[in-house]
Structure formats: structure tokens, C-alpha cells
file target_30.pdb (PDB, C-alpha atoms)
MODEL        1
ATOM      1  CA  MET A 125      47.141  47.039 122.644
ATOM      2  CA  GLY A 126      49.652  49.715 121.576
ATOM      3  CA  SER A 127      53.148  48.926 120.467
ATOM      4  CA  THR A 128      56.269  50.982 120.792
ATOM      5  CA  SER A 129      59.159  51.159 118.417
ATOM      6  CA  PRO A 130      62.412  49.667 119.650
ATOM      7  CA  LEU A 131      65.022  52.155 120.788
ATOM      8  CA  VAL A 132      68.018  52.400 118.502
ATOM      9  CA  PHE A 133      71.621  53.048 119.452
ATOM     10  CA  GLN A 134      73.798  55.701 117.842
ATOM     11  CA  HIS A 135      77.134  55.001 116.178
ATOM     12  CA  TYR A 136      79.933  57.201 114.842
ATOM     13  CA  ALA A 137      82.397  55.072 112.842
ATOM     14  CA  ASN A 138      86.101  55.773 113.364
ATOM     15  CA  ALA A 139      85.234  58.705 115.652
ATOM     16  CA  GLN A 140      88.686  58.954 117.239
ATOM     17  CA  LYS A 141      90.163  59.766 113.845
ATOM     18  CA  GLU A 142      87.311  61.428 111.928
ATOM     19  CA  PHE A 143      85.342  63.374 114.587
ATOM     20  CA  THR A 144      88.464  64.791 116.209
ATOM     21  CA  LYS A 145      89.517  66.496 112.953
ATOM     22  CA  THR A 146      86.796  69.114 113.497
ATOM     23  CA  LEU A 147      86.988  69.833 117.243
ATOM     24  CA  PRO A 148      86.334  73.520 117.957
ATOM     25  CA  LEU A 149      88.724  75.636 120.014
ATOM     26  CA  ILE A 150      87.436  76.041 123.583
ATOM     27  CA  GLY A 151      90.326  77.682 125.402
ATOM     28  CA  ASN A 152      93.691  79.347 124.973
ATOM     29  CA  GLU A 153      95.231  78.643 121.570
ATOM     30  CA  ASN A 154      95.484  74.889 121.986
ATOM     31  CA  ALA A 155      92.461  73.322 123.757
ATOM     32  CA  PHE A 156      89.714  71.697 121.672
ATOM     33  CA  LEU A 157      86.523  69.889 122.732
ATOM     34  CA  ALA A 158      83.183  68.725 121.330
ATOM     35  CA  ASP A 159      80.338  66.465 122.372
ATOM     36  CA  ILE A 160      79.723  63.575 120.020
ATOM     37  CA  PHE A 161      76.584  62.219 121.727
ATOM     38  CA  SER A 162      74.230  63.350 124.485
ATOM     39  CA  SER A 163      71.227  61.850 126.236
ATOM     40  CA  GLU A 164      69.780  65.344 126.678
ATOM     41  CA  ASN A 165      67.136  65.055 123.951
ATOM     42  CA  GLY A 166      66.846  61.291 124.050
ATOM     43  CA  PRO A 167      63.677  59.237 124.407
ATOM     44  CA  SER A 168      63.972  59.041 128.200
ATOM     45  CA  SER A 169      64.072  62.858 128.592
ATOM     46  CA  PRO A 170      66.576  62.611 131.433
ATOM     47  CA  THR A 171      66.634  65.081 134.293
ATOM     48  CA  ALA A 172      70.379  64.452 134.654
ATOM     49  CA  PRO A 173      71.675  64.114 131.077
ATOM     50  CA  ILE A 174      75.086  62.779 130.152
ATOM     51  CA  SER A 175      77.212  63.954 127.252
ATOM     52  CA  ALA A 176      80.311  62.341 125.786
ATOM     53  CA  GLY A 177      82.971  63.418 123.327
ATOM     54  CA  PHE A 178      86.621  64.168 122.739
ATOM     55  CA  TYR A 179      89.056  66.651 124.272
ATOM     56  CA  ARG A 180      92.384  67.471 122.606
ATOM     57  CA  LEU A 181      95.197  69.549 124.030
ATOM     58  CA  ASP A 182      98.087  70.580 121.803
ATOM     59  CA  PRO A 183     101.440  71.733 123.246
ATOM     60  CA  GLY A 184     101.307  75.286 124.573
ATOM     61  CA  THR A 185      99.401  77.035 127.330
ATOM     62  CA  PRO A 186      98.102  74.770 130.133
ATOM     63  CA  LEU A 187      94.309  74.653 130.441
ATOM     64  CA  VAL A 188      92.886  75.308 133.908
ATOM     65  CA  TYR A 189      89.273  74.103 134.090
ATOM     66  CA  THR A 190      86.716  74.277 136.895
ATOM     67  CA  TYR A 191      84.232  71.405 136.640
ATOM     68  CA  THR A 192      80.587  72.365 137.170
ATOM     69  CA  TYR A 193      79.560  68.703 136.731
ATOM     70  CA  ASP A 194      81.017  65.228 137.373
ATOM     71  CA  GLU A 195      83.101  63.789 134.549
ATOM     72  CA  MET A 196      84.993  60.618 133.653
ATOM     73  CA  LYS A 197      87.848  60.753 131.122
ATOM     74  CA  ILE A 198      90.031  58.108 129.490
ATOM     75  CA  ILE A 199      93.250  59.066 127.739
ATOM     76  CA  VAL A 200      93.104  57.576 124.250
ATOM     77  CA  ASP A 201      96.303  58.995 122.761
ATOM     78  CA  GLY A 202      99.344  61.088 123.609
ATOM     79  CA  ASP A 203     100.328  62.435 127.010
ATOM     80  CA  PHE A 204      98.933  64.734 129.677
ATOM     81  CA  GLU A 205     100.119  66.046 132.988
ATOM     82  CA  ILE A 206      96.980  66.440 135.091
ATOM     83  CA  SER A 207      96.951  68.193 138.468
ATOM     84  CA  ASP A 208      94.438  69.519 140.962
ATOM     85  CA  GLU A 209      94.419  72.148 143.709
ATOM     86  CA  SER A 210      95.451  69.589 146.353
ATOM     87  CA  GLY A 211      98.836  69.255 144.640
ATOM     88  CA  GLN A 212      98.110  65.789 143.245
ATOM     89  CA  THR A 213      99.795  65.420 139.833
ATOM     90  CA  VAL A 214      99.649  62.500 137.399
ATOM     91  CA  LYS A 215     101.649  61.971 134.216
ATOM     92  CA  ALA A 216      98.823  60.427 132.219
ATOM     93  CA  ALA A 217      99.198  58.075 129.274
ATOM     94  CA  LYS A 218      96.973  56.089 126.931
ATOM     95  CA  GLY A 219      94.571  53.894 128.881
ATOM     96  CA  ASP A 220      94.549  55.952 132.111
ATOM     97  CA  VAL A 221      91.068  56.753 133.470
ATOM     98  CA  PHE A 222      90.136  59.770 135.608
ATOM     99  CA  PHE A 223      87.140  60.957 137.630
ATOM    100  CA  PHE A 224      86.809  64.723 138.077
ATOM    101  CA  PRO A 225      84.197  65.617 140.715
ATOM    102  CA  LYS A 226      81.941  68.641 140.391
ATOM    103  CA  GLY A 227      83.758  71.682 141.816
ATOM    104  CA  SER A 228      87.281  70.408 141.165
ATOM    105  CA  VAL A 229      89.821  72.719 139.509
ATOM    106  CA  ILE A 230      92.016  70.719 137.142
ATOM    107  CA  THR A 231      95.088  71.807 135.185
ATOM    108  CA  PHE A 232      95.876  69.998 131.936
ATOM    109  CA  LYS A 233      99.353  70.214 130.365
ATOM    110  CA  THR A 234     100.998  68.262 127.557
ATOM    111  CA  GLU A 235     104.448  67.978 126.022
ATOM    112  CA  LYS A 236     103.544  66.300 122.729
ATOM    113  CA  GLY A 237      99.750  66.585 122.605
ATOM    114  CA  GLY A 238      97.008  64.438 124.044
ATOM    115  CA  LEU A 239      93.517  63.189 123.276
ATOM    116  CA  GLY A 240      90.905  62.128 125.796
ATOM    117  CA  PHE A 241      87.393  60.713 125.584
ATOM    118  CA  PHE A 242      85.021  62.000 128.261
ATOM    119  CA  CYS A 243      81.548  61.391 129.623
ATOM    120  CA  GLY A 244      80.096  64.119 131.833
ATOM    121  CA  GLN A 245      76.843  64.585 133.700
ATOM    122  CA  ARG A 246      75.706  67.693 131.841
ATOM    123  CA  GLY A 247      73.699  68.794 128.847
ATOM    124  CA  LYS A 248      75.042  68.835 125.302
ATOM    125  CA  ASP A 249      77.634  71.521 124.544
ATOM    126  CA  SER A 250      77.533  72.960 128.074
ATOM    127  CA  ALA A 251      81.161  72.312 129.061
TER     128      ALA A 251
ENDMDL
END

call {"tool": "encode", "arguments": {"input": "target_30.pdb", "output": "C-alpha cells"}}
result
Amino acid sequence: MGSTSPLVFQHYANAQKEFTKTLPLIGNENAFLADIFSSENGPSSPTAPISAGFYRLDPGTPLVYTYTYDEMKIIVDGDFEISDESGQTVKAAKGDVFFFPKGSVITFKTEKGGLGFFCGQRGKDSA
């Protein structure tokens, strides 16, 4: 009878502080994002992978982003003003959680800078 190795979890210690130091610029002069983990190449070979990581916006130009996938985001530090095309606007703070459906157009602004942690239904580095 064959045996399989147990699946192991992945861990990134102190990610909010250490990983976010190296986020690459993704838009304008002040928007940074990177995936920290993805199920894309995992043992289950998912047909609908999920990827998670950090998004930082520094004061400056607002970022307007069209989602091509569903995403959840929690604000982990700082402030954001988040709005959509319906006119809904939220002044977001640490601990607030958002769901952005595929196809939504979201505008992110910040006065002092903000950091979010996201999990999206997409492949690694395809935001």
C-alpha cells in the first residue's frame, strides 16, 4: 500500500513588516503590490487558484483599478478612501474588510498612506 507525504503549510514570519519593505511599484508613483503566497502551483493543482499578498498606497495619485477577478481585502494599517462607480465611498481604517467583485472599478486614495492584505481568485503575479 502506497503512502503519501503530509502536506505542509507555508509561513512568512513578520510578513507585514519584512515582506512589505520590498513591494514593487505597480501603478502611478505610489502604488505597490506583491503576492506572498499562491495556490497556483500547489499540490492540488487548482483550476481556480487563489493568491494573497500586500498592497500599499502612499499619498499621491489615486489608483483606479478594474478587477478581473474576485478579491477580499483587509486594511492592516493606515487609511484609505475607497470608492466604486456606483458612488459608494468608504473611509477605511485598520480592521475594515472589503469584497471587490470581478468587473468592479475601484478607486483607492489615501491621506497618510495605507496597507492592505488581499486574497484574490487569480494566479500568482497576475494582478

call {"tool": "closest_residue", "arguments": {"input": "target_30.pdb", "among": "A:Ala176, A:Val221, A:Ala155, A:Ala251", "to": "Lys233 (chain A)", "atoms": "only C-alpha atoms"}}
result
A:Ala155

call {"tool": "resolve_selection", "arguments": {"input": "target_30.pdb", "expression": "the PyMOL selection byres ((chain A and resi 198-208) around 8)", "output": "JSON, numbers by chain"}}
result
{"A": [196, 197, 209, 210, 211, 212, 213, 214, 215, 216, 217, 218, 219, 220, 221, 222, 228, 229, 230, 231, 232, 233, 234, 235, 236, 237, 238, 239, 240, 241, 242]}

call {"tool": "atom_distance", "arguments": {"input": "target_30.pdb", "atom1": "CA of Leu149 (chain A)", "atom2": "CA of Lys226 (chain A)"}}
result
22.6 Å

call {"tool": "closest_residue", "arguments": {"input": "target_30.pdb", "among": "A:Thr185, A:Gln140, A:Gln134, A:Thr190", "to": "Asn152 (chain A)", "atoms": "only C-alpha atoms"}}
result
A:Thr185

call {"tool": "residues_around", "arguments": {"input": "target_30.pdb", "residues": "Ala172 (chain A)", "least_positions_apart": "2", "cutoff": "12 Å", "atoms": "only C-alpha atoms", "output": "PyMOL selection string"}}
result
chain A and resi 162-166+168-170+174-175+193-194+244-248

call {"tool": "closest_residue", "arguments": {"input": "target_30.pdb", "among": "A:Val188, A:Leu131, A:Ala158, A:Leu181", "to": "Cys243 (chain A)", "atoms": "all atoms listed in the file"}}
result
A:Ala158

call {"tool": "atom_distance", "arguments": {"input": "target_30.pdb", "atom1": "CA of Phe224 (chain A)", "atom2": "CA of Pro173 (chain A)"}}
result
16.7 Å

call {"tool": "axis_aligned_box", "arguments": {"input": "target_30.pdb", "around": "region 211-226 of chain A", "padding_each_side": "4 Å", "output": "lines of an AutoDock Vina configuration file"}}
result
center_x = 91.8
center_y = 61.6
center_z = 135.8
size_x = 27.7
size_y = 23.4
size_z = 25.7

call {"tool": "atom_distance", "arguments": {"input": "target_30.pdb", "atom1": "CA of Asn138 (chain A)", "atom2": "CA of Leu187 (chain A)"}}
result
26.7 Å

call {"tool": "closest_residue", "arguments": {"input": "target_30.pdb", "among": "A:Arg180, A:Tyr191, A:Phe223, A:Asp249", "to": "Asn154 (chain A)", "atoms": "only C-alpha atoms"}}
result
A:Arg180

call {"tool": "closest_residue", "arguments": {"input": "target_30.pdb", "among": "A:Pro225, A:Gly177, A:Gly151, A:Pro183", "to": "Ala139 (chain A)", "atoms": "only C-alpha atoms"}}
result
A:Gly177

call {"tool": "closest_residue", "arguments": {"input": "target_30.pdb", "among": "A:Asp159, A:Tyr189, A:Thr146, A:Asp182", "to": "Ser250 (chain A)", "atoms": "all atoms listed in the file"}}
result
A:Asp159
